[in-house]
$ cat protein.tsv   # TSV, C-alpha atoms
chain	number	residue	atom	x	y	z
A	1	MET	CA	0.00	0.00	0.00
A	2	LYS	CA	2.76	2.41	1.01
A	3	THR	CA	4.77	1.59	-2.14
A	4	ILE	CA	1.80	2.21	-4.39
A	5	ARG	CA	1.37	5.59	-2.83
A	6	TRP	CA	4.70	6.94	-4.00
A	7	SER	CA	5.30	4.74	-7.01
A	8	ILE	CA	2.25	6.02	-8.96
A	9	PRO	CA	3.27	9.71	-8.90
A	10	LEU	CA	6.84	8.63	-9.60
A	11	ALA	CA	5.74	6.60	-12.64
A	12	ILE	CA	3.68	9.54	-13.94
A	13	PHE	CA	6.65	11.82	-13.45
A	14	VAL	CA	9.01	9.44	-15.27
A	15	VAL	CA	6.61	9.15	-18.22
A	16	LEU	CA	6.24	12.94	-18.36
A	17	VAL	CA	10.01	13.44	-18.30
A	18	ALA	CA	10.43	10.83	-21.04
A	19	PHE	CA	7.89	12.59	-23.26
A	20	LEU	CA	9.44	16.01	-22.68
A	21	TRP	CA	12.92	14.58	-23.30
A	22	ILE	CA	11.88	13.07	-26.63
A	23	GLY	CA	10.14	16.34	-27.48
A	24	LEU	CA	13.33	18.29	-26.86
A	25	GLY	CA	15.22	16.14	-29.35
A	26	ARG	CA	12.72	16.61	-32.17
A	27	ASP	CA	12.82	19.39	-34.69
A	28	PRO	CA	9.44	21.16	-34.79
A	29	ARG	CA	10.30	22.55	-38.21
A	30	GLU	CA	10.27	19.08	-39.71
A	31	VAL	CA	6.75	18.53	-40.88
A	32	PRO	CA	6.24	15.01	-42.24
A	33	SER	CA	5.33	15.16	-45.91
A	34	PRO	CA	1.98	13.74	-46.99
A	35	LEU	CA	3.58	13.03	-50.37
A	36	ILE	CA	5.56	10.02	-49.16
A	37	ASP	CA	4.44	6.90	-51.06
A	38	LYS	CA	2.29	9.06	-53.32
A	39	PRO	CA	2.97	9.90	-56.97
A	40	ALA	CA	5.37	12.81	-57.40
A	41	PRO	CA	3.47	15.83	-58.75
A	42	SER	CA	4.09	16.16	-62.46
A	43	PHE	CA	5.63	19.26	-63.97
A	44	THR	CA	6.97	20.62	-67.22
A	45	LEU	CA	9.46	23.39	-66.55
A	46	PRO	CA	12.06	25.34	-68.48
A	47	GLN	CA	15.65	24.24	-68.01
A	48	ILE	CA	18.51	26.50	-67.02
A	49	HIS	CA	21.03	25.17	-69.50
A	50	SER	CA	18.77	24.21	-72.34
A	51	ASP	CA	15.88	25.67	-74.29
A	52	LYS	CA	13.96	22.44	-74.09
A	53	PRO	CA	11.57	22.13	-71.13
A	54	LEU	CA	11.91	19.10	-68.88
A	55	SER	CA	8.89	17.07	-67.94
A	56	THR	CA	8.41	14.42	-65.25
A	57	THR	CA	7.26	11.92	-67.87
A	58	GLU	CA	10.83	11.82	-69.20
A	59	LEU	CA	12.03	10.71	-65.77
A	60	LYS	CA	9.77	7.69	-65.48
A	61	GLY	CA	11.66	4.41	-65.32
A	62	LYS	CA	14.61	5.62	-63.29
A	63	VAL	CA	15.31	6.42	-59.69
A	64	TRP	CA	16.11	10.10	-59.30
A	65	LEU	CA	16.60	12.77	-56.68
A	66	LEU	CA	14.92	16.15	-56.81
A	67	ASN	CA	16.95	18.75	-54.97
A	68	VAL	CA	15.13	22.02	-54.32
A	69	TRP	CA	17.56	24.91	-54.07
A	70	ALA	CA	18.00	28.59	-54.85
A	71	SER	CA	20.86	31.00	-55.30
A	72	TRP	CA	19.48	33.09	-52.40
A	73	CYS	CA	19.39	30.09	-50.08
A	74	VAL	CA	22.14	30.14	-47.48
A	75	SER	CA	22.00	26.57	-46.23
A	76	CYS	CA	22.13	25.33	-49.82
A	77	ARG	CA	25.83	26.24	-49.72
A	78	GLU	CA	26.19	23.90	-46.78
A	79	GLU	CA	24.98	20.83	-48.68
A	80	HIS	CA	26.53	21.80	-51.99
A	81	PRO	CA	29.88	19.96	-51.57
A	82	LEU	CA	27.95	16.78	-50.77
A	83	LEU	CA	25.88	17.16	-53.91
A	84	LEU	CA	29.04	17.62	-55.95
A	85	GLN	CA	30.48	14.44	-54.43
A	86	LEU	CA	27.26	12.61	-55.10
A	87	ALA	CA	27.34	13.73	-58.72
A	88	GLN	CA	30.94	12.57	-59.05
A	89	ALA	CA	30.12	9.16	-57.60
A	90	ASN	CA	27.45	8.88	-60.30
A	91	LEU	CA	25.15	6.78	-58.15
A	92	VAL	CA	21.89	8.46	-58.95
A	93	PRO	CA	20.84	11.37	-61.18
A	94	VAL	CA	20.11	14.54	-59.23
A	95	TYR	CA	17.72	17.06	-60.74
A	96	GLY	CA	17.89	20.56	-59.38
A	97	LEU	CA	14.70	22.55	-58.91
A	98	ASP	CA	15.71	26.17	-58.78
A	99	TYR	CA	12.98	27.55	-56.54
A	100	LYS	CA	11.73	31.13	-56.82
A	101	ASP	CA	14.93	32.34	-58.34
A	102	LYS	CA	16.11	34.29	-61.35
A	103	PRO	CA	17.63	31.99	-64.00
A	104	ASP	CA	20.56	34.38	-64.44
A	105	ASP	CA	21.37	34.31	-60.72
A	106	ALA	CA	21.07	30.54	-60.73
A	107	ARG	CA	23.42	30.19	-63.72
A	108	ALA	CA	25.99	32.45	-62.05
A	109	TRP	CA	25.73	30.54	-58.79
A	110	LEU	CA	26.21	27.19	-60.50
A	111	SER	CA	29.21	28.32	-62.51
A	112	GLN	CA	30.79	29.72	-59.37
A	113	ASN	CA	30.10	26.82	-57.01
A	114	GLY	CA	30.00	23.89	-59.39
A	115	ASP	CA	27.02	22.22	-61.00
A	116	PRO	CA	26.08	18.83	-59.53
A	117	TYR	CA	22.81	18.52	-61.43
A	118	THR	CA	21.96	16.16	-64.26
A	119	ALA	CA	19.59	18.91	-65.31
A	120	SER	CA	18.37	22.11	-63.66
A	121	ILE	CA	14.84	23.36	-63.96
A	122	VAL	CA	13.47	26.72	-62.93
A	123	ASP	CA	10.34	27.18	-60.86
A	124	GLN	CA	10.26	30.93	-60.94
A	125	ASP	CA	6.82	31.50	-59.43
A	126	GLY	CA	7.12	28.65	-56.92
A	127	ARG	CA	4.07	26.80	-58.24
A	128	VAL	CA	5.78	23.43	-58.54
A	129	GLY	CA	7.29	24.08	-55.12
A	130	ILE	CA	3.79	24.35	-53.68
A	131	ASP	CA	2.78	21.11	-55.42
A	132	TYR	CA	5.73	19.41	-53.75
A	133	GLY	CA	4.90	20.95	-50.38
A	134	VAL	CA	8.18	22.86	-50.27
A	135	TYR	CA	8.31	25.24	-47.34
A	136	GLY	CA	12.01	25.59	-46.67
A	137	VAL	CA	14.86	25.34	-49.12
A	138	PRO	CA	16.83	23.08	-49.45
A	139	GLU	CA	14.68	19.99	-49.63
A	140	THR	CA	15.50	16.71	-51.36
A	141	PHE	CA	13.07	14.08	-52.62
A	142	VAL	CA	13.84	10.49	-53.56
A	143	ILE	CA	11.58	9.36	-56.40
A	144	ASP	CA	11.38	5.79	-57.62
A	145	ARG	CA	11.03	4.22	-61.06
A	146	SER	CA	7.28	4.50	-61.18
A	147	GLY	CA	7.36	8.11	-60.06
A	148	ILE	CA	6.46	7.56	-56.42
A	149	VAL	CA	8.02	9.83	-53.76
A	150	ARG	CA	9.83	7.55	-51.34
A	151	TYR	CA	11.63	9.94	-49.03
A	152	LYS	CA	11.91	13.62	-48.30
A	153	GLN	CA	14.84	15.30	-46.65
A	154	ILE	CA	13.93	18.66	-45.15
A	155	GLY	CA	16.87	21.00	-44.76
A	156	PRO	CA	20.41	20.50	-46.03
A	157	LEU	CA	21.69	17.02	-46.81
A	158	SER	CA	24.20	15.61	-44.37
A	159	VAL	CA	26.71	12.79	-44.66
A	160	ASP	CA	24.66	10.95	-42.09
A	161	ALA	CA	21.36	11.35	-43.95
A	162	LEU	CA	22.97	10.31	-47.22
A	163	GLN	CA	24.74	7.24	-45.86
A	164	ARG	CA	22.03	6.04	-43.53
A	165	LYS	CA	18.87	6.77	-45.46
A	166	ILE	CA	19.12	8.15	-48.95
A	167	LEU	CA	21.83	6.01	-50.54
A	168	PRO	CA	20.62	2.68	-49.08
A	169	LEU	CA	17.10	3.57	-50.23
A	170	VAL	CA	18.35	4.47	-53.71
A	171	ARG	CA	20.27	1.18	-53.96
A	172	GLU	CA	17.20	-0.71	-52.84
A	173	LEU	CA	15.00	1.05	-55.39
A	174	GLN	CA	17.50	0.57	-58.21
A	175	LYS	CA	17.57	-3.23	-57.76
B	1	MET	CA	-42.23	44.44	-91.99
B	2	ILE	CA	-39.93	42.15	-90.09
B	3	PRO	CA	-40.90	38.48	-90.22
B	4	ALA	CA	-42.12	37.16	-86.87
B	5	SER	CA	-39.39	34.54	-86.49
B	6	ARG	CA	-36.67	37.10	-87.10
B	7	PHE	CA	-38.32	39.45	-84.62
B	8	ALA	CA	-38.48	36.71	-82.02
B	9	ARG	CA	-34.84	35.86	-82.60
B	10	GLY	CA	-33.95	39.51	-82.20
B	11	ILE	CA	-35.85	39.70	-78.92
B	12	GLY	CA	-34.23	36.47	-77.78
B	13	PHE	CA	-30.79	37.82	-78.58
B	14	ALA	CA	-31.48	41.08	-76.77
B	15	MET	CA	-32.78	39.22	-73.76
B	16	SER	CA	-29.83	36.88	-73.56
B	17	ALA	CA	-27.46	39.80	-73.97
B	18	ALA	CA	-29.25	41.63	-71.17
B	19	PHE	CA	-29.12	38.48	-69.05
B	20	CYS	CA	-25.40	38.13	-69.66
B	21	LEU	CA	-24.87	41.71	-68.65
B	22	VAL	CA	-26.91	41.25	-65.49
B	23	ALA	CA	-25.16	37.97	-64.74
B	24	SER	CA	-21.73	39.46	-65.17
B	25	ALA	CA	-22.75	42.49	-63.13
B	26	THR	CA	-23.96	40.35	-60.23
B	27	LYS	CA	-20.86	38.19	-60.53
B	28	MET	CA	-18.78	41.33	-60.25
B	29	ASP	CA	-20.87	42.62	-57.35
B	30	ILE	CA	-20.78	39.57	-55.09
B	31	PRO	CA	-17.03	39.20	-54.70
B	32	SER	CA	-15.29	42.19	-53.12
B	33	ASP	CA	-16.71	42.14	-49.58
B	34	VAL	CA	-18.18	38.68	-49.11
B	35	PHE	CA	-15.40	37.03	-51.09
B	36	ASP	CA	-12.65	38.85	-49.22
B	37	GLY	CA	-14.29	37.99	-45.92
B	38	ARG	CA	-14.38	34.35	-46.89
B	39	LEU	CA	-10.73	34.41	-47.94
B	40	LYS	CA	-9.76	36.13	-44.70
B	41	ARG	CA	-11.60	33.52	-42.64
B	42	LEU	CA	-10.05	30.65	-44.60
B	43	GLU	CA	-6.59	32.12	-44.36
B	44	SER	CA	-6.83	32.52	-40.62
B	45	GLU	CA	-7.64	28.80	-40.31
B	46	LEU	CA	-4.48	27.85	-42.17
B	47	ARG	CA	-0.97	27.74	-40.83
B	48	CYS	CA	2.03	29.34	-42.44
B	49	LEU	CA	4.62	26.59	-42.80
B	50	VAL	CA	7.59	28.94	-42.55
B	51	CYS	CA	6.68	30.87	-39.40
B	52	GLN	CA	4.83	28.05	-37.77
B	53	ASN	CA	2.88	29.95	-35.16
B	54	GLN	CA	1.31	32.38	-37.57
B	55	THR	CA	-1.68	31.95	-39.79
B	56	LEU	CA	-1.52	32.46	-43.53
B	57	ALA	CA	-3.46	35.67	-43.02
B	58	ASP	CA	-0.95	37.09	-40.54
B	59	SER	CA	2.31	35.99	-42.08
B	60	ASN	CA	4.54	38.10	-44.28
B	61	ALA	CA	6.65	35.16	-45.44
B	62	SER	CA	6.92	34.85	-49.19
B	63	LEU	CA	5.51	31.33	-49.11
B	64	ALA	CA	2.49	32.60	-47.18
B	65	GLU	CA	2.03	35.25	-49.84
B	66	ASP	CA	2.15	32.59	-52.56
B	67	LEU	CA	-0.28	30.38	-50.67
B	68	ARG	CA	-2.68	33.28	-50.16
B	69	GLY	CA	-2.56	33.81	-53.91
B	70	GLU	CA	-3.21	30.11	-54.42
B	71	VAL	CA	-6.20	30.18	-52.04
B	72	ARG	CA	-7.60	33.24	-53.79
B	73	GLU	CA	-7.20	31.63	-57.19
B	74	LEU	CA	-8.84	28.39	-56.12
B	75	ALA	CA	-11.69	30.30	-54.52
B	76	SER	CA	-12.29	32.39	-57.61
B	77	ALA	CA	-12.24	29.19	-59.65
B	78	GLY	CA	-15.30	28.19	-57.64
B	79	LYS	CA	-13.68	25.69	-55.27
B	80	SER	CA	-15.39	25.19	-51.91
B	81	ASP	CA	-13.65	25.81	-48.58
B	82	ASP	CA	-13.29	22.07	-48.05
B	83	GLU	CA	-11.75	21.60	-51.46
B	84	ILE	CA	-9.25	24.39	-50.80
B	85	ARG	CA	-8.35	22.88	-47.43
B	86	ALA	CA	-7.96	19.45	-49.04
B	87	TYR	CA	-5.68	20.98	-51.70
B	88	LEU	CA	-3.34	22.34	-49.05
B	89	VAL	CA	-3.49	19.24	-46.86
B	90	ALA	CA	-2.50	17.09	-49.85
B	91	ARG	CA	0.67	19.16	-50.17
B	92	TYR	CA	1.59	20.14	-46.63
B	93	GLY	CA	-0.24	17.62	-44.43
B	94	ASP	CA	-2.70	18.17	-41.59
B	95	PHE	CA	-0.20	20.54	-40.03
B	96	VAL	CA	-1.51	23.39	-42.20
B	97	LEU	CA	-4.84	23.19	-40.42
B	98	TYR	CA	-5.16	24.99	-37.12
B	99	ASP	CA	-8.08	22.67	-36.41
B	100	PRO	CA	-6.68	19.18	-37.07
B	101	PRO	CA	-9.14	16.40	-38.00
B	102	LEU	CA	-9.86	13.52	-35.63
B	103	LYS	CA	-8.15	10.42	-36.95
B	104	ARG	CA	-5.92	7.58	-35.86
B	105	THR	CA	-2.81	9.71	-35.51
B	106	THR	CA	-4.56	12.55	-33.68
B	107	TRP	CA	-6.95	10.76	-31.30
B	108	LEU	CA	-4.51	11.20	-28.44
B	109	LEU	CA	-4.38	14.93	-29.14
B	110	TRP	CA	-8.16	15.23	-29.13
B	111	LEU	CA	-9.09	12.75	-26.40
B	112	GLY	CA	-5.98	12.99	-24.20
B	113	PRO	CA	-7.19	15.99	-22.16
B	114	PHE	CA	-10.56	14.33	-21.50
B	115	ALA	CA	-8.82	11.09	-20.52
B	116	LEU	CA	-6.61	13.05	-18.10
B	117	LEU	CA	-9.66	14.80	-16.67
B	118	ALA	CA	-11.49	11.49	-16.20
B	119	GLY	CA	-8.40	9.92	-14.64
B	120	GLY	CA	-7.96	12.83	-12.26
B	121	GLY	CA	-11.65	12.73	-11.34
B	122	ALA	CA	-11.48	9.00	-10.65
B	123	LEU	CA	-8.40	9.48	-8.47
B	124	TRP	CA	-10.06	12.29	-6.52
B	125	TRP	CA	-13.18	10.21	-5.99
B	126	THR	CA	-11.18	7.20	-4.69
B	127	ILE	CA	-9.24	9.38	-2.27
B	128	LEU	CA	-12.40	11.00	-0.93
B	129	ARG	CA	-14.08	7.65	-0.61
B	130	ARG	CA	-11.12	6.14	1.20
B	131	ARG	CA	-11.11	9.02	3.65
B	132	GLU	CA	-14.80	8.62	4.28
B	133	LEU	CA	-14.37	4.90	4.96
B	134	ALA	CA	-11.48	5.59	7.32
B	135	ALA	CA	-13.61	8.10	9.24
B	136	ARG	CA	-16.46	5.61	9.51
B	137	SER	CA	-14.25	2.89	10.90
B	138	LEU	CA	-13.09	4.98	13.89
B	139	PRO	CA	-13.84	3.24	17.26
B	140	ALA	CA	-17.36	3.94	18.54
B	141	PRO	CA	-17.45	6.69	21.15
B	142	ASN	CA	-17.42	5.43	24.75
B	143	PRO	CA	-20.47	6.77	26.64
B	144	GLY	CA	-18.65	7.01	29.96
B	145	ALA	CA	-15.77	8.97	28.44
B	146	GLU	CA	-18.20	11.30	26.75
B	147	ALA	CA	-19.95	12.08	30.04
B	148	ARG	CA	-16.64	12.71	31.74
B	149	GLY	CA	-15.58	15.02	28.98
B	150	ARG	CA	-18.79	16.96	29.15
B	151	ALA	CA	-18.45	17.32	32.91
B	152	LEU	CA	-14.92	18.64	32.47
B	153	LEU	CA	-16.07	21.16	29.90
B	154	GLU	CA	-18.85	22.33	32.16
B	155	GLY	CA	-16.36	22.72	34.95
B	156	ILE	CA	-14.35	25.03	32.74
B	157	ASP	CA	-17.52	26.93	31.92
B	158	ASP	CA	-18.25	27.31	35.60
B	159	ARG	CA	-14.82	28.65	36.25
B	160	ASP	CA	-15.36	31.22	33.53
B	161	LYS	CA	-18.61	32.31	35.08
B	162	GLN	CA	-17.16	34.27	37.94
B	163	PRO	CA	-19.59	35.97	40.26
B	164	ASP	CA	-20.01	39.61	39.42
B	165	PRO	CA	-17.92	41.72	41.73
B	166	LYS	CA	-20.36	44.07	43.32
$ encode --input "protein.tsv" --output "structure tokens"
Amino acid sequence: MKTIRWSIPLAIFVVLVAFLWIGLGRDPREVPSPLIDKPAPSFTLPQIHSDKPLSTTELKGKVWLLNVWASWCVSCREEHPLLLQLAQANLVPVYGLDYKDKPDDARAWLSQNGDPYTASIVDQDGRVGIDYGVYGVPETFVIDRSGIVRYKQIGPLSVDALQRKILPLVRELQK
Amino acid sequence: MIPASRFARGIGFAMSAAFCLVASATKMDIPSDVFDGRLKRLESELRCLVCQNQTLADSNASLAEDLRGEVRELASAGKSDDEIRAYLVARYGDFVLYDPPLKRTTWLLWLGPFALLAGGGALWWTILRRRELAARSLPAPNPGAEARGRALLEGIDDRDKQPDPK
């Protein structure tokens, strides 16, 4: 009887602390995407380096990454070396979605910092960004052969995210 | 003289033209106030994803601006409030709604407070009940002791009642 008396409040306290502790470790800015396991929104957008527009139908049948970036985006610089490495390793094609940006600025940025993209498309008014639920640049989507979104990285890519999640997933999807 | 059929056609044309004018006029009239009010109400039910504790209506973020434009466009295309909400939820998830729907992932959010209230009430009730039981199980008062106590109290009373000094 005596033990019950103090063990119940103690148990409640421990549970509360556990919840708060987990809450502290989570990033409130990371909103899970409802697009996961749903078809990637289709688009046809002008390319930065070519006059021909690029459409999602051309990307069917291969696993690809969509990296949302902009020349005005500061944390895009942070992930840029990783993207360059990824491009060099030639593991998976990375398409760059230049979000709410001027094509001239984007071209200058890419020639200055290096261009990791298989192709770059411009979403000047941010419409395609809205379709993809983009709310913070950079964001990276993993899209499978049949055009289904399999993963979304919110914020800059990290070595950890690439090695633990994205690359294993890409390998799995490419099998 | 104009043949009757031609006359009728002319009248018909005039009437449909007049109707179109009226229709377009009313269509122009309705929006401004009512439409803006509806947009305002919708926007204040939706969350800005960038500055998460602001509504779309309050936020100055460029994404919020774009989304306001999107909401306005959908509304002028004749979409209902529910359709507009569904459009945003499909892209940004339930998080865009300030009033999240009740479903499997949110039942704890909705029912948790009531469960806590019920749990607290039950605990309170048990404690009260236990106290009541404990009070009831006290040993029955001893008549002799009660009489002695009363006598003692009266004695004190007597001592208090001192004769008036005259």
$ atom_distance --input "protein.tsv" --atom1 "CA of Trp69 (chain A)" --atom2 "CA of Phe95 (chain B)"
23.1 Å
$ residues_around --input "protein.tsv" --residues "region 96-98 of chain A" --least-positions-apart "5" --cutoff "9 Å" --atoms "all atoms listed in the file" --output "JSON, numbers by chain"
{"A": [48, 65, 66, 67, 68, 69, 70, 71, 103, 106, 116, 117, 118, 119, 120, 121, 122, 123, 124, 128, 129]}
$ interface_residues --input "protein.tsv" --of "chain A" --to "chain B" --cutoff "12 Å" --atoms "only C-alpha atoms" --output "number ranges by chain"
A: 5, 8-9, 12, 28-36, 38-41, 99-100, 124-137
$ atom_distance --input "protein.tsv" --atom1 "CA of Thr140 (chain A)" --atom2 "CA of Gln153 (chain A)"
5.0 Å
$ atom_distance --input "protein.tsv" --atom1 "CA of Ile127 (chain B)" --atom2 "CA of Pro139 (chain B)"
21.0 Å
$ closest_residue --input "protein.tsv" --among "B:Gly112, B:Gly155, B:Gly37, B:Pro101" --to "Ala75 (chain B)" --atoms "all atoms listed in the file"
B:Gly37
$ closest_residue --input "protein.tsv" --among "A:Trp72, A:Phe13, A:Trp21, A:Phe43" --to "Trp109 (chain A)" --atoms "only C-alpha atoms"
A:Trp72
$ residues_around --input "protein.tsv" --residues "Lys165 (chain A)" --least-positions-apart "4" --cutoff "12 Å" --atoms "all atoms listed in the file" --output "MDAnalysis selection string"
chainID A and resid 141:142 150:153 157:161 169:172
$ residues_around --input "protein.tsv" --residues "Asp144 (chain A)" --least-positions-apart "4" --cutoff "7 Å" --atoms "all atoms listed in the file" --output "number ranges by chain"
A: 62-64, 148-150, 173
